[in-house]
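Each remark here refers to the structure printed beneath this line.
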Amino acid sequence: MEHISDAPIDESATLDSKTMNEKTVPAHFTEDEQHDQSSQEQPLQEEILDLYKPFPVAEGTPLEDQILTIRAVAVGIVLGSLVSASNLYLGLKTGFGFSATIFSAIFGYGIIKSLSKWAPGVPILGGSFGPQENVIIQAAATGAGGITGLFVAALPAMYRLDLLSNNPKQDIGQIFTLTLMCSFFGLFFATPLRKFFVIQVARELRLIFPTPTATAITIRTMHSTGSGAREAMSKVKALSLAFFGALVHRVGSYYAIGILYDWHIFTWIYIWSGYTNWALNIENWGWYIEWTPAFIGSGMLIGLNSAISMFAGSVLAWGLIGPLLVHYGECIGVATMPDDPKWSPLVSFSSLRNIGVGTPSPRYWLLWPAVMIMVCASVAELLIQYKIIYIAFKSLFQQSKTGINAVAQKHGKRVFADHNRIEHHTDIVTDPALPKDQVKDWMWILGLLVTIVMAMVIYSVQWQMNPGLTILACILGFFFSFLCVQIGAVTDQPPVTASSKASQLVFGAVTSGHGYSIQHAQKLNLIAGGIAAGAADVATSLTGDFRTGFLLRTPPIKQWYAQAMGTFVAVWMAPGMFILFASAYPCILHPEDYDTCPFFAPSVSAWVAVAEAVTQPRISIPLSSGIFACCMGALSVIQVIFRHFYLVGPRDKYRVYLPNWGAIALSFIVPVPVFTNAALIGAIIAALWIKFKPHSFKIYGYAVAAGLIAGEGMGGVIGACLQLGGVSGDVYGTQLGCPGLSC
C-alpha cells in the first residue's frame, strides 16, 4: 500500500537539511522524490532550528512531569484505530493510505485541550497538556494504525488464489497470529534503529525524516503561546468540520449514490437521447465523476505532479490502450445487461474471470505492464541509492564493532583494533535521553527472540512453513526495513513496495525445484512478502515516531510503551476490520464471482500477479502485454537513471516535470478512472488555494485534507455495518442516475 506523506510542501521554498526558519514556509520535498507523497502546512515561528538536534523548549510550554497518561494513550489508540479503518477502506479501493502522525497530533490536541478545559480538576481527564504528552498520543496512534498494509495486499491475495477457506471468519486464528508476528517483529527490531538512524548517522547521511520532522514542528508550535495556540484550534476546527462533513456525506450517499456520490454524466446523456447515442461507450470505460471526499483530500496532499500523472495514466490506459485493444480484437468486454434492450450496450471491461482461457479483458492485459512498472521503478529507486546504503551499512558495521569492543574491554580484551574510528566523527549528536529513559537492551532483544521463536513454531504448524524459511523471511524483513527507514528518512517515501516484491522474488527462487506444490509455494511467497512489507511498514513508522520524540525531548521508553500498547490493539482491531469489510463485500476476496465490486483492490492484483509469475511453471500472459510491459518497465528505469544522474545541480528544477511512474502504474490497475479524476480535482483545489491564499492553506490545508480522508474512511466502516445489517442503500435507497439503475 502506497502512503500519502504528511511532509510539507510549498512551491517557493526548499528544506535545508541542517536548519529551518520557521517564520518562512518551511519545506518543499520535490514530488518526484515523494512520488504520490506530499504535503501539508507548517506552523510559524521566528526561529532557526537545527533539525538534527532536539528543539529548544518553546516559550510558555508547561512543565510535564507525567506524559504517559491514560488519556493520551486512550486518545491515541482511538485515533490510530480510526486511521487504520480509514486506510483499510482507502487501500482496498485504490491502494492508498495516509499516516496517523499529524492527524493524531492535531485531533489529539483538540480532544485533550477540550478535556482540560471542561474537566480541569477531574483525575485522568484534566490537567495541563504539553508537547511531550502530544508525542505520546501520536506514538500510540502510530502503533494502532501501523499494520493495515497486510490487509489490503498479501492477505486478500491468499483468498484470491484459494490458499485459505472461503470465509475469513474460519481463518481468524491464522489471521491473528500472522498479524501478531508482523506487528511485534517490526516493533522490537525498530527499537535499536532509533539510536542508529536518529542519533548516530542522521547528520552524516542527511536523514531529515520529513513527515516526523513536520509533526514535531507542528506539535511544538501548537503548544507555544500566542498565535501558535490560536492557529492550533483553527486547525482542529477545520479538521473536525471536514471529518464529520465527509462522514455524513459518505453515509448519506449510500442511499442516493447516483445523485450524491457518482455522477454518470454520459449515462445521463444516453438516457436523454432516448437510449440511442454513443455516450454509453464512454461510460463503459469508467469515465464519470465520483464526489469522493477521501480522494479529493488525497489530491490536495499529493500535489499536481502525482495527480496529473495518475490522470494521464488513466487516459492512456482507459481512454487509449484499452479501446484500441478491444477494437483490434486483443481484448474483449462482457455485456452486463444483454437481455435489456435499453441497456444491452452496457459493457464491463474489468472482468478477471477465466484467466488464461480465451481472449482476456483489458484489465488483465494492463495488469502486467502495471506490475512491471511498479517492480522496475521501485527497485531502481532502491538501487540508485547505493552510495547512501553503503554508508549506512558501513556505519552500522563500525557501530557494531564499537559495541563489541565496549563489552570486550570490560573483560580486559579487544576484538577490533580500529574500533575507535567512528568516534572521530563530529556529526554524531548526543542523545538527550537519560539512561533511565532509554529502552533497555534486554527488553527489545528478549522480545525479538521470543517473536522469532514463536513465528517459527506458529508458521510451521499453521502455514506449513519450514523454520529455516521463517528465519530467512525475518532476515529479509530486517534487511528491507533497514533500507526503508534509511531511504524513507531522505525521500519520505519508504520503498515498501520494492521490499515486498523483492521478498516475493527471493522466495520464488528459494522454493523453486524443492517439491512444493504450486499452492504451497504461493502461500509461502505471500507470507514472506507480507512479513517483509509488514515489518518494514511498522519499523519505518515507529522509527519516524522516535524521531519526533527526539526533537521534542520525549523519553524514548515512554514512547515505546505507547507504541507497544497501540500495536497490541492493532493486532486485534485490524483483523476485525478486515473481516467486517470482507463479510459485507465478499467481492473483495473473489471478484470473479461478481459483476461489480466497489473495491478494486489494485495492490491485491499486483501481489497475486507476482506470486503467480514466480511459482507457476507456465503463466498465461498475452504476448503483446508482455512486450509492452518490458518496454514500460525499461522506460521507468531509464527515467530513474536520468533523474538521478543528469537532472542534478542547476537542472534539478526540471525534476518536477517528470511523470510519476508509481502513480501511472496504479492507474493502470484501477479499472475505472474516477479516483484519478477526484485526485486531480483535489490537487487543482490545493494549487489554487496555495496560489491565492497561501497563508490560509498553511493553517487549514492539511487539516481539511486529513479530515476529508478520515471522514470518508469512517463512513465506509459505517457503510459496511449497514450492509451487514441489511439496511444499506441497495435495500432502502435509490439507484436513480446510475447506468441500468445499478451503481
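Chains: A, B, ... in order of the C-alpha cells. Residues: from 1 per chain. Ligands: from 1, in order shown.
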
* Excluding Ser636 of chain A and any residue of its chain fewer than 4 positions from it, enumerate the residues within 12 Å of it, using only C-alpha atoms, and give them as a PyMOL selection string. => chain A and resi 369-381+629-632+640-643+658-665

* Selection near Lys235 of chain A, 10 Å with only C-alpha atoms, sequence-local residues under 6 positions removed, as an NGL selection string -> :A and (106-107 or 109-110 or 222 or 229 or 241 or 698-704)

Take the residues from that selection and write them out as a PDB file, in the first residue's frame, keeping N, CA, C and O atoms.
ATOM      1  N   ILE A 106      -2.949  16.731  15.687  1.00  0.00           N
ATOM      2  CA  ILE A 106      -3.888  17.855  15.653  1.00  0.00           C
ATOM      3  C   ILE A 106      -5.196  17.493  16.350  1.00  0.00           C
ATOM      4  O   ILE A 106      -5.693  18.221  17.214  1.00  0.00           O
ATOM      5  N   PHE A 107      -5.768  16.352  15.984  1.00  0.00           N
ATOM      6  CA  PHE A 107      -7.037  15.942  16.574  1.00  0.00           C
ATOM      7  C   PHE A 107      -6.868  15.667  18.072  1.00  0.00           C
ATOM      8  O   PHE A 107      -7.722  16.014  18.894  1.00  0.00           O
ATOM      9  N   TYR A 109      -4.698  17.023  20.034  1.00  0.00           N
ATOM     10  CA  TYR A 109      -4.564  18.323  20.693  1.00  0.00           C
ATOM     11  C   TYR A 109      -5.939  18.890  21.029  1.00  0.00           C
ATOM     12  O   TYR A 109      -6.192  19.352  22.148  1.00  0.00           O
ATOM     13  N   GLY A 110      -6.842  18.844  20.057  1.00  0.00           N
ATOM     14  CA  GLY A 110      -8.173  19.393  20.288  1.00  0.00           C
ATOM     15  C   GLY A 110      -8.934  18.637  21.358  1.00  0.00           C
ATOM     16  O   GLY A 110      -9.609  19.238  22.203  1.00  0.00           O
ATOM     17  N   MET A 222       1.946  24.311  18.088  1.00  0.00           N
ATOM     18  CA  MET A 222       0.603  24.293  18.669  1.00  0.00           C
ATOM     19  C   MET A 222       0.644  24.528  20.173  1.00  0.00           C
ATOM     20  O   MET A 222      -0.277  25.121  20.735  1.00  0.00           O
ATOM     21  N   ALA A 229      -1.063  28.736  19.507  1.00  0.00           N
ATOM     22  CA  ALA A 229      -2.218  28.094  20.136  1.00  0.00           C
ATOM     23  C   ALA A 229      -3.511  28.447  19.412  1.00  0.00           C
ATOM     24  O   ALA A 229      -4.391  27.596  19.235  1.00  0.00           O
ATOM     25  N   LEU A 241     -14.638  19.742  11.172  1.00  0.00           N
ATOM     26  CA  LEU A 241     -15.715  20.011  10.216  1.00  0.00           C
ATOM     27  C   LEU A 241     -15.564  19.156   8.965  1.00  0.00           C
ATOM     28  O   LEU A 241     -16.549  18.586   8.469  1.00  0.00           O
ATOM     29  N   LYS A 698      -1.642  27.253   4.667  1.00  0.00           N
ATOM     30  CA  LYS A 698      -0.690  26.797   5.681  1.00  0.00           C
ATOM     31  C   LYS A 698      -1.397  26.462   6.983  1.00  0.00           C
ATOM     32  O   LYS A 698      -0.972  25.567   7.717  1.00  0.00           O
ATOM     33  N   ILE A 699      -2.467  27.151   7.266  1.00  0.00           N
ATOM     34  CA  ILE A 699      -3.197  26.897   8.503  1.00  0.00           C
ATOM     35  C   ILE A 699      -4.183  25.747   8.344  1.00  0.00           C
ATOM     36  O   ILE A 699      -4.259  24.848   9.186  1.00  0.00           O
ATOM     37  N   TYR A 700      -4.948  25.757   7.263  1.00  0.00           N
ATOM     38  CA  TYR A 700      -6.071  24.836   7.136  1.00  0.00           C
ATOM     39  C   TYR A 700      -5.862  23.704   6.138  1.00  0.00           C
ATOM     40  O   TYR A 700      -6.607  22.715   6.174  1.00  0.00           O
ATOM     41  N   GLY A 701      -4.900  23.816   5.240  1.00  0.00           N
ATOM     42  CA  GLY A 701      -4.796  22.876   4.121  1.00  0.00           C
ATOM     43  C   GLY A 701      -4.730  21.421   4.533  1.00  0.00           C
ATOM     44  O   GLY A 701      -5.558  20.599   4.121  1.00  0.00           O
ATOM     45  N   TYR A 702      -3.733  21.086   5.352  1.00  0.00           N
ATOM     46  CA  TYR A 702      -3.604  19.684   5.730  1.00  0.00           C
ATOM     47  C   TYR A 702      -4.786  19.235   6.581  1.00  0.00           C
ATOM     48  O   TYR A 702      -5.289  18.111   6.430  1.00  0.00           O
ATOM     49  N   ALA A 703      -5.225  20.082   7.491  1.00  0.00           N
ATOM     50  CA  ALA A 703      -6.322  19.701   8.380  1.00  0.00           C
ATOM     51  C   ALA A 703      -7.571  19.338   7.582  1.00  0.00           C
ATOM     52  O   ALA A 703      -8.234  18.331   7.860  1.00  0.00           O
ATOM     53  N   VAL A 704      -7.904  20.143   6.575  1.00  0.00           N
ATOM     54  CA  VAL A 704      -9.084  19.859   5.747  1.00  0.00           C
ATOM     55  C   VAL A 704      -8.893  18.556   4.981  1.00  0.00           C
ATOM     56  O   VAL A 704      -9.785  17.694   4.950  1.00  0.00           O
TER      57      VAL A 704
END

* Give me the residues within 12 Å of Ser165 of chain A as a PyMOL selection string, counting only C-alpha atoms and dropping any in the same chain fewer than 3 places off. => chain A and resi 155-156+158-162+168-172+174-175+589-590

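Here atom CA of Phe311 of chain A is placed at a distance of 12.7 Å from atom CA of Ile289 of chain A.
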
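In terms of minimum interatomic distance to Ala317 of chain A, A:Ser667 ranks closest within A:Ser253, A:Ser128, A:Ser583, A:Ser667, counting only C-alpha atoms.
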
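When only C-alpha atoms are used to compute distances to Gly530 of chain A, the closest of the residues A:Gly299, A:Pro293, A:Gly186, A:Pro467 turns out to be A:Gly186.
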
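Put simply, atom CA of Ser605 of chain A is 22.9 Å away from atom CA of Cys484 of chain A.
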
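Using only C-alpha atoms, the smallest distance between any of A:Pro494, A:Gly146, A:Gly329, A:Pro62 and Gly127 of chain A comes from A:Pro62.
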
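Distance-wise, atom CA of Val604 of chain A and atom CA of Thr211 of chain A end up 26.7 Å apart.
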
* **Surrounding residues of Ile452 of chain A excluding itself and chain neighbours under 5 positions, 9 Å, only C-alpha atoms, as a ChimeraX atom specification** => /A:181,185,447,457,470-471,474
